[in-house]
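S.K.: Dropping in my_file.csv, which is CSV, C-alpha atoms:
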chain,number,residue,atom,x,y,z
A,214,MET,CA,0.0,0.0,0.0
A,215,ASN,CA,2.8,2.3,0.9
A,216,TRP,CA,4.7,2.1,-2.3
A,217,THR,CA,1.5,2.6,-4.4
A,218,LEU,CA,0.8,5.7,-2.5
A,219,ILE,CA,4.2,7.1,-3.1
A,220,LEU,CA,4.0,6.1,-6.8
A,221,ALA,CA,0.6,7.8,-7.0
A,222,GLU,CA,2.0,10.9,-5.5
A,223,GLU,CA,5.0,10.9,-7.7
A,224,ALA,CA,3.1,10.3,-11.0
A,225,GLY,CA,-0.4,11.4,-10.1
A,226,GLY,CA,-2.1,14.5,-9.0
A,227,LEU,CA,-5.2,16.3,-10.0
A,228,PHE,CA,-3.7,17.8,-13.1
A,229,ASP,CA,-2.1,14.7,-14.4
A,230,LEU,CA,-2.3,15.1,-18.2
A,231,ASP,CA,-1.2,12.1,-20.1
A,232,ALA,CA,-2.2,9.8,-23.0
A,233,THR,CA,-5.7,9.6,-21.5
A,234,LEU,CA,-6.4,12.9,-23.2
A,235,PRO,CA,-6.0,12.0,-26.9
A,236,LEU,CA,-7.5,8.6,-26.4
A,237,MET,CA,-10.5,10.1,-24.7
A,238,ALA,CA,-10.8,12.6,-27.6
A,239,ILE,CA,-10.7,9.7,-30.1
A,240,GLN,CA,-13.2,7.8,-28.1
A,241,PHE,CA,-15.5,10.7,-28.0
A,242,VAL,CA,-15.4,11.2,-31.7
A,243,ILE,CA,-16.1,7.5,-32.3
A,244,LEU,CA,-19.1,7.9,-29.9
A,245,ALA,CA,-20.3,10.9,-31.8
A,246,VAL,CA,-20.1,8.9,-35.1
A,247,ILE,CA,-21.9,5.9,-33.6
A,248,LEU,CA,-24.6,8.1,-32.0
A,249,ASN,CA,-25.0,9.9,-35.3
A,250,ALA,CA,-25.7,6.6,-37.0
A,251,VAL,CA,-28.0,5.1,-34.3
A,252,LEU,CA,-29.6,8.1,-32.8
A,253,TYR,CA,-29.5,11.5,-34.5
A,254,LYS,CA,-30.1,10.3,-38.0
A,255,PRO,CA,-33.0,7.8,-37.5
A,256,LEU,CA,-34.8,9.8,-34.9
A,257,GLY,CA,-34.1,13.1,-36.6
A,258,ASN,CA,-35.6,11.7,-39.8
A,259,ALA,CA,-38.5,10.4,-37.8
A,260,ILE,CA,-39.1,13.9,-36.2
A,261,ASP,CA,-38.8,15.7,-39.6
A,262,GLY,CA,-41.0,13.1,-41.3
A,263,ARG,CA,-43.6,13.6,-38.6
A,264,ASN,CA,-43.4,17.4,-38.9
A,265,ASP,CA,-43.9,17.1,-42.7
A,266,TYR,CA,-46.8,14.7,-42.2
A,267,VAL,CA,-48.5,17.1,-39.8
A,268,ARG,CA,-47.9,20.1,-42.0
A,269,THR,CA,-49.2,18.4,-45.2
A,270,SER,CA,-52.2,17.0,-43.3
A,271,LEU,CA,-53.0,20.4,-41.9
A,272,ALA,CA,-52.7,22.0,-45.4
A,273,GLU,CA,-54.9,19.3,-46.9
A,274,ALA,CA,-57.5,19.7,-44.2
A,275,LYS,CA,-57.5,23.5,-44.6
A,276,GLU,CA,-57.9,23.1,-48.4
A,277,ARG,CA,-60.8,20.6,-47.8
A,278,LEU,CA,-62.4,23.0,-45.4
A,279,ALA,CA,-62.2,25.9,-47.9
A,280,GLN,CA,-63.6,23.6,-50.6
A,281,ALA,CA,-66.5,22.6,-48.3
A,282,GLU,CA,-67.2,26.2,-47.5
A,283,LYS,CA,-67.3,27.1,-51.1
A,284,VAL,CA,-69.6,24.2,-51.9
A,285,ALA,CA,-71.9,25.3,-49.1
A,286,GLN,CA,-72.0,28.8,-50.3
A,287,GLN,CA,-72.7,27.7,-53.8
A,288,TYR,CA,-75.5,25.5,-52.5
A,289,GLU,CA,-77.0,28.4,-50.5
A,290,GLN,CA,-76.9,30.7,-53.5
A,291,GLU,CA,-78.6,28.0,-55.7
A,292,LEU,CA,-81.2,27.6,-53.0
A,293,ALA,CA,-81.9,31.3,-52.9
A,294,ASP,CA,-82.1,31.4,-56.7
A,295,THR,CA,-84.5,28.5,-56.8
A,296,ARG,CA,-86.6,30.0,-54.1
A,297,ARG,CA,-86.8,33.3,-56.0
A,298,LYS,CA,-87.7,31.5,-59.2
A,299,ALA,CA,-90.4,29.5,-57.5
A,300,GLN,CA,-91.9,32.6,-56.1
A,301,SER,CA,-92.0,34.3,-59.5
A,302,VAL,CA,-93.6,31.1,-61.0
A,303,VAL,CA,-96.2,31.1,-58.3
A,304,ALA,CA,-96.9,34.8,-58.8
A,305,ALA,CA,-97.2,34.3,-62.6
A,306,ALA,CA,-99.5,31.4,-62.1
A,307,GLN,CA,-101.7,33.4,-59.7
A,308,ALA,CA,-101.9,36.3,-62.1
A,309,GLU,CA,-102.8,34.0,-64.9
A,310,ALA,CA,-105.4,32.3,-62.9
A,311,GLN,CA,-106.9,35.6,-61.9
A,312,THR,CA,-107.1,36.9,-65.4
A,313,LEU,CA,-108.6,33.6,-66.6
A,314,ALA,CA,-111.2,33.6,-63.8
A,315,ALA,CA,-112.1,37.2,-64.5
A,316,GLU,CA,-112.4,36.5,-68.2
A,317,GLN,CA,-114.6,33.5,-67.6
A,318,VAL,CA,-116.8,35.4,-65.1
A,319,ALA,CA,-117.3,38.1,-67.7
A,320,GLN,CA,-118.1,35.6,-70.4
A,321,ALA,CA,-120.5,33.8,-68.2
A,322,GLN,CA,-122.2,37.1,-67.3
A,323,GLN,CA,-122.4,38.0,-70.9
A,324,GLU,CA,-123.9,34.7,-71.8
A,325,ALA,CA,-126.4,34.9,-69.0
A,326,GLN,CA,-127.4,38.4,-70.2
A,327,ALA,CA,-127.9,37.1,-73.7
A,328,GLN,CA,-130.0,34.2,-72.5
A,329,ARG,CA,-132.1,36.5,-70.4
A,330,GLU,CA,-132.6,38.8,-73.3
A,331,GLN,CA,-133.6,36.0,-75.5
A,332,ALA,CA,-136.0,34.6,-72.9
A,333,GLN,CA,-137.5,38.1,-72.6
A,334,LYS,CA,-137.9,38.3,-76.3
A,335,GLU,CA,-139.6,35.0,-76.5
A,336,LEU,CA,-141.8,35.9,-73.6
A,337,ASP,CA,-142.8,39.1,-75.3
A,338,GLN,CA,-143.5,37.2,-78.6
A,339,GLN,CA,-145.7,34.7,-76.8
A,340,LYS,CA,-147.4,37.4,-75.0
A,341,ALA,CA,-148.1,39.2,-78.2
A,342,ALA,CA,-149.3,36.0,-79.8
A,343,ALA,CA,-151.5,35.3,-76.9
A,344,LEU,CA,-152.8,38.8,-76.9
A,345,SER,CA,-153.6,38.6,-80.6
A,346,SER,CA,-155.3,35.2,-80.3
A,347,LEU,CA,-157.2,36.6,-77.3
A,348,GLU,CA,-158.3,39.5,-79.4
A,349,GLY,CA,-159.6,37.2,-82.1
A,350,GLN,CA,-161.5,35.2,-79.6
A,351,VAL,CA,-162.9,38.4,-78.2
A,352,ASP,CA,-164.0,39.4,-81.6
A,353,ASP,CA,-165.5,36.0,-82.2
A,354,LEU,CA,-167.3,36.1,-79.0
A,355,SER,CA,-168.5,39.6,-79.4
A,356,ARG,CA,-169.8,38.7,-82.8
A,357,GLN,CA,-171.6,35.7,-81.5
A,358,LEU,CA,-173.0,37.8,-78.7
A,359,LEU,CA,-174.1,40.3,-81.1
A,360,ASP,CA,-175.7,37.7,-83.4
A,361,LYS,CA,-177.5,36.2,-80.4
A,362,LEU,CA,-178.6,39.6,-79.2
A,363,LEU,CA,-179.8,40.4,-82.7
A,364,SER,CA,-181.6,37.2,-83.0
A,365,ILE,CA,-183.3,37.6,-79.8
A,366,ALA,CA,-184.3,41.1,-80.7
A,367,ALA,CA,-185.5,40.0,-84.1
B,1251,MET,CA,-7.8,-6.0,-11.5
B,1252,LEU,CA,-11.1,-5.5,-9.8
B,1253,ASN,CA,-11.7,-6.7,-6.3
B,1254,LEU,CA,-15.4,-7.1,-6.0
B,1255,VAL,CA,-15.5,-8.2,-2.4
B,1256,PRO,CA,-14.4,-5.4,-0.2
B,1257,ASN,CA,-13.2,-6.6,3.2
B,1258,SER,CA,-14.1,-3.5,5.1
B,1259,PHE,CA,-17.2,-1.7,3.9
B,1260,VAL,CA,-17.4,1.6,5.7
B,1261,PRO,CA,-13.8,2.8,5.5
B,1262,LEU,CA,-14.0,2.0,1.8
B,1263,LEU,CA,-17.0,4.2,1.3
B,1264,ALA,CA,-15.6,7.0,3.3
B,1265,GLU,CA,-12.1,6.9,1.9
B,1266,LEU,CA,-10.9,9.9,0.1
B,1267,GLU,CA,-8.6,9.4,-2.9
B,1268,VAL,CA,-7.8,12.5,-4.8
B,1269,GLY,CA,-5.2,12.7,-7.5
B,1270,LYS,CA,-4.5,9.0,-7.4
B,1271,HIS,CA,-5.0,7.1,-10.6
B,1272,PHE,CA,-5.2,3.5,-11.7
B,1273,TYR,CA,-2.5,3.4,-14.3
B,1274,TRP,CA,-2.5,1.3,-17.4
B,1275,GLU,CA,0.5,1.2,-19.7
B,1276,ILE,CA,-0.1,0.9,-23.4
B,1277,GLY,CA,3.0,1.1,-25.6
B,1278,GLY,CA,5.0,3.0,-23.0
B,1279,LEU,CA,2.2,5.6,-22.5
B,1280,LYS,CA,0.4,5.9,-19.2
B,1281,ILE,CA,-3.3,6.2,-19.2
B,1282,HIS,CA,-5.9,6.4,-16.4
B,1283,GLY,CA,-7.7,3.1,-16.4
B,1284,GLN,CA,-10.4,4.2,-14.0
B,1285,VAL,CA,-11.5,6.9,-16.4
B,1286,PHE,CA,-11.7,4.5,-19.3
B,1287,LEU,CA,-13.6,1.9,-17.4
B,1288,THR,CA,-16.4,4.3,-16.4
B,1289,SER,CA,-16.3,6.1,-19.8
B,1290,TRP,CA,-16.8,2.7,-21.5
B,1291,PHE,CA,-19.8,2.1,-19.2
B,1292,VAL,CA,-21.2,5.5,-20.2
B,1293,ILE,CA,-20.6,4.9,-23.9
B,1294,ALA,CA,-22.2,1.5,-23.7
B,1295,ALA,CA,-25.2,2.9,-21.9
B,1296,LEU,CA,-25.6,5.7,-24.5
B,1297,VAL,CA,-25.2,3.3,-27.5
B,1298,ILE,CA,-27.6,0.7,-26.0
B,1299,ILE,CA,-30.3,3.2,-25.2
B,1300,SER,CA,-29.9,4.8,-28.7
B,1301,VAL,CA,-30.2,1.4,-30.4
B,1302,LEU,CA,-33.2,0.6,-28.4
B,1303,ALA,CA,-34.8,3.9,-29.3
B,1304,SER,CA,-34.2,3.7,-33.0
B,1305,ARG,CA,-34.6,0.0,-33.5
B,1306,LYS,CA,-38.2,0.3,-34.5
B,1307,VAL,CA,-39.0,3.9,-35.4
B,1308,GLU,CA,-42.7,4.7,-35.4
B,1309,ARG,CA,-44.7,7.8,-36.3
B,1310,ILE,CA,-46.3,7.8,-32.9
B,1311,PRO,CA,-43.4,7.3,-30.6
B,1312,THR,CA,-43.6,5.1,-27.5
B,1313,GLY,CA,-41.3,4.2,-24.6
B,1314,VAL,CA,-37.6,4.6,-25.2
B,1315,GLN,CA,-38.1,6.2,-28.6
B,1316,ASN,CA,-40.3,8.9,-27.0
B,1317,LEU,CA,-37.6,9.6,-24.3
B,1318,MET,CA,-34.8,9.8,-26.8
B,1319,GLU,CA,-36.9,12.0,-29.2
B,1320,TYR,CA,-37.5,14.3,-26.3
B,1321,ALA,CA,-33.7,14.4,-25.7
B,1322,LEU,CA,-33.0,15.0,-29.4
B,1323,GLU,CA,-35.6,17.8,-29.6
B,1324,PHE,CA,-34.0,19.4,-26.6
B,1325,ILE,CA,-30.5,19.1,-28.2
B,1326,ARG,CA,-31.8,20.4,-31.5
B,1327,ASP,CA,-33.5,23.4,-29.7
B,1328,LEU,CA,-30.2,24.1,-27.9
B,1329,ALA,CA,-28.2,24.0,-31.1
B,1330,LYS,CA,-30.8,26.0,-33.1
B,1331,ASN,CA,-30.8,28.7,-30.4
B,1332,GLN,CA,-27.1,29.0,-30.4
B,1333,ILE,CA,-26.1,28.4,-34.0
B,1334,GLY,CA,-29.1,29.5,-35.9
B,1335,GLU,CA,-31.8,27.9,-37.9
B,1336,LYS,CA,-29.8,27.7,-41.1
B,1337,GLU,CA,-26.6,26.1,-40.0
B,1338,TYR,CA,-27.4,24.1,-36.9
B,1339,ARG,CA,-28.2,20.7,-38.4
B,1340,PRO,CA,-24.6,19.4,-39.1
B,1341,TRP,CA,-23.6,20.3,-35.6
B,1342,VAL,CA,-26.4,18.5,-33.8
B,1343,PRO,CA,-24.3,15.3,-33.5
B,1344,PHE,CA,-21.3,17.0,-32.0
B,1345,VAL,CA,-23.3,19.2,-29.5
B,1346,GLY,CA,-25.7,16.4,-28.7
B,1347,THR,CA,-22.9,13.9,-28.0
B,1348,LEU,CA,-21.2,16.5,-25.8
B,1349,PHE,CA,-24.4,17.0,-23.8
B,1350,LEU,CA,-25.3,13.3,-23.6
B,1351,PHE,CA,-21.8,12.1,-22.8
B,1352,ILE,CA,-21.2,14.7,-20.1
B,1353,PHE,CA,-24.7,14.4,-18.7
B,1354,VAL,CA,-24.6,10.6,-18.4
B,1355,SER,CA,-21.0,10.7,-17.1
B,1356,ASN,CA,-21.9,13.2,-14.4
B,1357,TRP,CA,-25.1,11.3,-13.3
B,1358,SER,CA,-23.3,8.0,-13.4
B,1359,GLY,CA,-20.7,9.4,-11.0
B,1360,ALA,CA,-23.5,10.7,-8.7
B,1361,LEU,CA,-25.9,7.8,-8.9
B,1362,ILE,CA,-23.8,4.7,-9.3
B,1363,PRO,CA,-21.8,3.6,-6.3
B,1364,TRP,CA,-18.6,3.1,-8.2
B,1365,LYS,CA,-16.6,3.1,-5.1
B,1366,LEU,CA,-17.9,-0.4,-4.2
B,1367,LEU,CA,-15.7,-1.7,-7.0
B,1368,HIS,CA,-12.3,-1.6,-5.5
B,1369,LEU,CA,-9.3,-0.8,-7.7
B,1370,PRO,CA,-5.7,-1.4,-6.7
B,1371,SER,CA,-5.1,2.3,-6.9
B,1372,GLY,CA,-7.3,5.3,-7.3
B,1373,GLU,CA,-11.1,4.9,-7.5
B,1374,LEU,CA,-13.8,4.8,-10.1
B,1375,ALA,CA,-15.8,8.0,-10.5
B,1376,ALA,CA,-17.4,10.0,-13.2
B,1377,PRO,CA,-15.2,10.3,-16.3
B,1378,THR,CA,-15.7,14.0,-16.2
B,1379,ASN,CA,-14.0,13.9,-12.8
B,1380,ASP,CA,-10.7,13.6,-14.6
B,1381,ILE,CA,-9.0,16.7,-16.1
B,1382,ASN,CA,-8.0,14.6,-19.2
B,1383,THR,CA,-11.6,14.0,-20.2
B,1384,THR,CA,-12.7,17.6,-19.8
B,1385,VAL,CA,-9.6,19.0,-21.6
B,1386,ALA,CA,-10.2,16.5,-24.4
B,1387,LEU,CA,-13.8,17.7,-24.8
B,1388,ALA,CA,-12.8,21.3,-24.6
B,1389,LEU,CA,-10.0,20.9,-27.2
B,1390,LEU,CA,-12.5,19.1,-29.5
B,1391,THR,CA,-14.8,22.0,-29.1
B,1392,SER,CA,-12.0,24.4,-30.1
B,1393,LEU,CA,-11.2,22.3,-33.2
B,1394,ALA,CA,-14.9,22.2,-33.9
B,1395,TYR,CA,-15.4,25.9,-33.9
B,1396,PHE,CA,-12.2,26.5,-35.9
B,1397,TYR,CA,-13.4,24.0,-38.4
B,1398,ALA,CA,-16.9,25.7,-38.5
B,1399,GLY,CA,-15.3,29.1,-39.0
B,1400,PHE,CA,-13.0,28.0,-41.7
B,1401,SER,CA,-15.5,25.9,-43.6
B,1402,LYS,CA,-18.0,28.7,-43.5
B,1403,ARG,CA,-15.9,31.8,-44.1
B,1404,GLY,CA,-12.5,30.5,-45.4
B,1405,LEU,CA,-9.6,32.7,-44.6
B,1406,GLY,CA,-12.0,35.5,-43.9
B,1407,TYR,CA,-12.3,33.8,-40.5
B,1408,PHE,CA,-9.1,35.6,-39.5
B,1409,ALA,CA,-10.9,38.9,-40.0
B,1410,ARG,CA,-12.7,38.1,-36.7
B,1411,TYR,CA,-9.5,38.7,-34.8
B,1412,ILE,CA,-9.3,42.4,-35.7
B,1413,GLU,CA,-13.0,43.1,-35.2
B,1414,PRO,CA,-14.4,45.4,-34.0
B,1415,THR,CA,-10.9,47.1,-33.9
B,1416,PRO,CA,-7.3,45.8,-34.4
B,1417,ILE,CA,-6.6,47.0,-30.9
B,1418,LEU,CA,-8.5,44.0,-29.6
B,1419,LEU,CA,-6.2,41.6,-31.5
B,1420,PRO,CA,-4.4,40.3,-28.4
B,1421,ILE,CA,-7.6,39.8,-26.5
B,1422,ASN,CA,-9.2,38.0,-29.4
B,1423,ILE,CA,-6.2,35.7,-29.7
B,1424,LEU,CA,-6.2,35.2,-26.0
B,1425,GLU,CA,-9.9,34.2,-26.2
B,1426,ASP,CA,-9.0,31.1,-28.2
B,1427,PHE,CA,-6.9,29.9,-25.2
B,1428,THR,CA,-9.3,30.9,-22.5
B,1429,LYS,CA,-12.3,29.3,-24.1
B,1430,PRO,CA,-11.1,25.7,-23.8
B,1431,LEU,CA,-9.4,26.5,-20.5
B,1432,SER,CA,-12.6,27.8,-18.9
B,1433,LEU,CA,-14.7,25.0,-20.5
B,1434,SER,CA,-12.5,22.2,-19.2
B,1435,PHE,CA,-11.9,23.7,-15.7
B,1436,ARG,CA,-15.5,24.6,-15.1
B,1437,LEU,CA,-16.7,21.1,-15.8
B,1438,PHE,CA,-13.7,19.4,-14.0
B,1439,GLY,CA,-13.9,21.7,-11.0
B,1440,ASN,CA,-17.6,21.4,-10.6
B,1441,ILE,CA,-17.8,17.6,-10.8
B,1442,LEU,CA,-14.7,17.1,-8.7
B,1443,ALA,CA,-15.8,19.6,-6.0
B,1444,ASP,CA,-19.2,18.0,-5.9
B,1445,GLU,CA,-17.8,14.5,-5.4
B,1446,LEU,CA,-15.3,15.8,-2.8
B,1447,VAL,CA,-18.1,17.6,-0.8
B,1448,VAL,CA,-20.2,14.5,-0.8
B,1449,ALA,CA,-17.2,12.3,0.2
B,1450,VAL,CA,-16.2,14.7,3.0
B,1451,LEU,CA,-19.8,14.8,4.3
B,1452,VAL,CA,-20.0,11.0,4.1
B,1453,LEU,CA,-16.8,10.9,6.0
B,1454,LEU,CA,-18.1,13.1,8.8
B,1455,VAL,CA,-21.8,11.9,8.9
B,1456,PRO,CA,-22.4,8.8,7.0
B,1457,LEU,CA,-26.2,8.9,7.1
B,1458,PHE,CA,-28.9,11.3,5.7
B,1459,VAL,CA,-26.9,14.5,6.0
B,1460,PRO,CA,-25.1,14.1,2.6
B,1461,LEU,CA,-28.4,13.5,0.8
B,1462,PRO,CA,-29.3,17.2,0.1
B,1463,VAL,CA,-25.8,17.8,-1.1
B,1464,MET,CA,-26.1,14.7,-3.3
B,1465,ILE,CA,-29.4,16.0,-4.8
B,1466,LEU,CA,-27.8,19.4,-5.3
B,1467,GLY,CA,-24.9,17.5,-7.0
B,1468,LEU,CA,-27.4,15.9,-9.4
B,1469,PHE,CA,-28.7,19.3,-10.3
B,1470,THR,CA,-25.2,20.8,-10.7
B,1471,SER,CA,-24.2,17.8,-12.9
B,1472,ALA,CA,-27.1,18.4,-15.2
B,1473,ILE,CA,-26.5,22.1,-15.3
B,1474,GLN,CA,-22.8,21.6,-16.1
B,1475,ALA,CA,-23.7,19.3,-19.1
B,1476,LEU,CA,-26.1,21.9,-20.3
B,1477,ILE,CA,-23.6,24.7,-19.9
B,1478,PHE,CA,-20.8,22.8,-21.7
B,1479,ALA,CA,-23.1,21.9,-24.7
B,1480,THR,CA,-24.6,25.4,-24.8
B,1481,LEU,CA,-21.2,27.1,-24.7
B,1482,ALA,CA,-19.8,24.8,-27.4
B,1483,ALA,CA,-22.7,25.5,-29.6
B,1484,ALA,CA,-22.4,29.2,-28.9
B,1485,TYR,CA,-18.7,29.2,-29.9
B,1486,ILE,CA,-19.5,27.3,-33.1
B,1487,GLY,CA,-22.3,29.7,-33.9
B,1488,GLU,CA,-20.1,32.7,-33.2
B,1489,ALA,CA,-17.3,31.4,-35.4
B,1490,MET,CA,-19.7,30.9,-38.3
B,1491,GLU,CA,-21.8,34.1,-37.8
B,1492,GLY,CA,-19.0,36.5,-38.4
B,1493,HIS,CA,-19.1,40.1,-37.4
B,1494,GLY,CA,-19.0,41.4,-41.0
B,1495,ALA,CA,-21.9,43.6,-42.1
B,1496,GLU,CA,-22.7,41.3,-45.1
B,1497,GLU,CA,-23.6,38.4,-42.9
B,1498,HIS,CA,-26.4,40.2,-41.2
B,1499,GLU,CA,-29.9,39.3,-42.3
Show how you would write the structure in this file as C-alpha cells.
M.R.:
Amino acid sequence: MNWTLILAEEAGGLFDLDATLPLMAIQFVILAVILNAVLYKPLGNAIDGRNDYVRTSLAEAKERLAQAEKVAQQYEQELADTRRKAQSVVAAAQAEAQTLAAEQVAQAQQEAQAQREQAQKELDQQKAAALSSLEGQVDDLSRQLLDKLLSIAA
Amino acid sequence: MLNLVPNSFVPLLAELEVGKHFYWEIGGLKIHGQVFLTSWFVIAALVIISVLASRKVERIPTGVQNLMEYALEFIRDLAKNQIGEKEYRPWVPFVGTLFLFIFVSNWSGALIPWKLLHLPSGELAAPTNDINTTVALALLTSLAYFYAGFSKRGLGYFARYIEPTPILLPINILEDFTKPLSLSFRLFGNILADELVVAVLVLLVPLFVPLPVMILGLFTSAIQALIFATLAAAYIGEAMEGHGAEEHE
C-alpha cells in the first residue's frame, strides 16, 4: 500500500495530463459517429417526417375546409335562386289564374245576359201572340154575342 | 484487476482518494484506467439506449423512442438557439454527443456507487472527474469551432481577430486559449468539487446528511452538461456568424 501511495504521489495528482487525453478525444469522436448513425439520423428523420406529415395533413385539411365552405356557399346561392324562381312562378300562375277567372266570369255574365234577353224576347212574342189570339177570340165572342142579341131582338 | 469483495465496507465508502490514478501502460504511454472503465460504461449505456430507441421507429413514438426523441428535440433546440436555424443541423451530432456524454457521465458518477468496486489504486468515478476528459472535450470544441469558422468563411475567418478594432487583436487571440481552459476547468472543477463535498460529508456523517448535497450534485451535474453543450454551440455559432456587415440578415 505504501509504495503505491508514493507512486501515485509521484506520478499522479489532480492535473495529471497524459495519453488519456488524446485517447478520450478519439473515443468521444467515435461515440459521436456511432450516435449519429443510431440516434441522431434515424430519430431526426422520424421527427422531420412527422413534422412534414402534420404540415401536409394540416394544409390538406384546410384546403378541404375551404372547398366545403365554397360548396356550401354555392348551394345556398342556388337555393336562394331556386326560391326566387319558385316565387316568381307562383306569382305568374296566380296572375294568370286571376285573369282567366275574370275572363270566364265576364263571359258567363255576358252569356247569362244574352240568355235572359232571349228569354224576354220569347216571352214578349208569346205574350203578343197570346194577346192577338185573345183579341180574335174576343172578336168572335163579341160577334156571336151580337148575333144572339140580334136574333133575340129580331 | 477489480476486487469485487471489499473486506471492510465503511472505510472504503468513506475513503478519500484525490489525485490517485489506476494506471495502465499501453506502448509505454500511461493512461488512467479508471476513467476509461467508467467512460466505456457511459458509452455502452448511450449506445444501447440509442439502439433501443431507433430499433423500430414509429410515427407515434412510445417508450424509449419517446424519451430519446425528447432528448433529441432538446438538443436540437439548444443547437438551433445558439447556432441559428440555417446552420445548426450538421452540428447536432457534436453538440448532442457532448451533452449526452457529459450528462450521463456526471449522473453515473453521482448515482452509481462506483466506489464499491475496488481498484488497486485510485477509485472509479465520473469520467468528467478527470482533467484529461474535460480537456479532451474542450479541445475538441476548439477544433470544432475553428473548423466551423474556416469551412463557412474560409480565410475570412481571421478577420474576426481584428474586429471590431485591431486593438483587440491580443484579446481576441487570448480568447482562443481561455475558451477551452474555462470550459474544461469549469466542468472538471464542478464535478470534482461535488464529489469531494459528498465524500467529505459522508466521512463526517455517513447517514442522511449528505443527501441534500447529493441531490444538489445531481442538479449541478445536469447544469454543467447543459452549460458545456450550450457554450460549445455558442462558440461554433459565433465562429460561423462573423461580425461582418454582409452576414447580417
S.K.: With a distance cut-off of 7 Å and only C-alpha atoms, select the neighbouring residues of B:Ala1489, excluding the residue or stretch itself and same-chain residues fewer than 3 positions from it, and output the selection as a list of chain:residue names.
M.R.: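 Selected residues are B:Tyr1395, B:Ala1398, B:Gly1399, B:Tyr1485, B:Ile1486, B:Gly1492.
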S.K.: Could you list the residues in chain A lying within 8 Å of chain B, using only C-alpha atoms, and format the result as a compact mmCIF listing (two decimals) with C-alpha atoms, in the frame of the given file?
M.R.:
# COMPACT_ATOMS: atom_id res chain seq x y z
CA THR A 217 1.50 2.60 -4.40
CA LEU A 218 0.80 5.70 -2.50
CA ALA A 221 0.60 7.80 -7.00
CA GLU A 222 2.00 10.90 -5.50
CA GLY A 225 -0.40 11.40 -10.10
CA GLY A 226 -2.10 14.50 -9.00
CA LEU A 227 -5.20 16.30 -10.00
CA PHE A 228 -3.70 17.80 -13.10
CA ASP A 229 -2.10 14.70 -14.40
CA LEU A 230 -2.30 15.10 -18.20
CA ASP A 231 -1.20 12.10 -20.10
CA ALA A 232 -2.20 9.80 -23.00
CA THR A 233 -5.70 9.60 -21.50
CA LEU A 234 -6.40 12.90 -23.20
CA PRO A 235 -6.00 12.00 -26.90
CA MET A 237 -10.50 10.10 -24.70
CA ALA A 238 -10.80 12.60 -27.60
CA PHE A 241 -15.50 10.70 -28.00
CA LEU A 244 -19.10 7.90 -29.90
CA ALA A 245 -20.30 10.90 -31.80
CA VAL A 246 -20.10 8.90 -35.10
CA ILE A 247 -21.90 5.90 -33.60
CA LEU A 248 -24.60 8.10 -32.00
CA ASN A 249 -25.00 9.90 -35.30
CA VAL A 251 -28.00 5.10 -34.30
CA LEU A 252 -29.60 8.10 -32.80
CA TYR A 253 -29.50 11.50 -34.50
CA PRO A 255 -33.00 7.80 -37.50
CA LEU A 256 -34.80 9.80 -34.90
CA GLY A 257 -34.10 13.10 -36.60
CA ALA A 259 -38.50 10.40 -37.80
CA ILE A 260 -39.10 13.90 -36.20
CA ARG A 263 -43.60 13.60 -38.60
S.K.: When you draw a straight line from atom CA of B:Thr1480 to atom CA of B:Ala1443, how long is it in Å?
M.R.: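 Here the two named atoms are 21.6 Å from each other.
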S.K.: Would you compute, for all listed atoms of stretch 1392-1403 of chain B, the axis-aligned bounding box grown by 4 Å on each side, and then report its centre and edge lengths in Å rounded to one decimal, as JSON?
M.R.:
{"center_x": -14.6, "center_y": 27.0, "center_z": -37.1, "size_x": 14.8, "size_y": 17.6, "size_z": 22.0}
S.K.: Taking 4 positions as the minimum chain separation for residues in the same chain, which residues sit within 12 Å of B:Val1459 when counting only C-alpha atoms? Answer as an MDAnalysis selection string.
M.R.: chainID B and resid 1447:1455 1463:1465
S.K.: The selected residues should be written to file as a PDB file, in the coordinates of the input (atoms: C-alpha atoms).
M.R.:
ATOM      1  CA  VAL B1447     -18.100  17.600  -0.800  1.00  0.00           C
ATOM      2  CA  VAL B1448     -20.200  14.500  -0.800  1.00  0.00           C
ATOM      3  CA  ALA B1449     -17.200  12.300   0.200  1.00  0.00           C
ATOM      4  CA  VAL B1450     -16.200  14.700   3.000  1.00  0.00           C
ATOM      5  CA  LEU B1451     -19.800  14.800   4.300  1.00  0.00           C
ATOM      6  CA  VAL B1452     -20.000  11.000   4.100  1.00  0.00           C
ATOM      7  CA  LEU B1453     -16.800  10.900   6.000  1.00  0.00           C
ATOM      8  CA  LEU B1454     -18.100  13.100   8.800  1.00  0.00           C
ATOM      9  CA  VAL B1455     -21.800  11.900   8.900  1.00  0.00           C
ATOM     10  CA  VAL B1463     -25.800  17.800  -1.100  1.00  0.00           C
ATOM     11  CA  MET B1464     -26.100  14.700  -3.300  1.00  0.00           C
ATOM     12  CA  ILE B1465     -29.400  16.000  -4.800  1.00  0.00           C
TER      13      ILE B1465
END
S.K.: Quick one: distance from atom CA of B:Phe1435 to atom CA of B:Trp1341 in Å, one decimal?
M.R.: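 Separating atom CA of B:Phe1435 from atom CA of B:Trp1341 is a distance of 23.3 Å.
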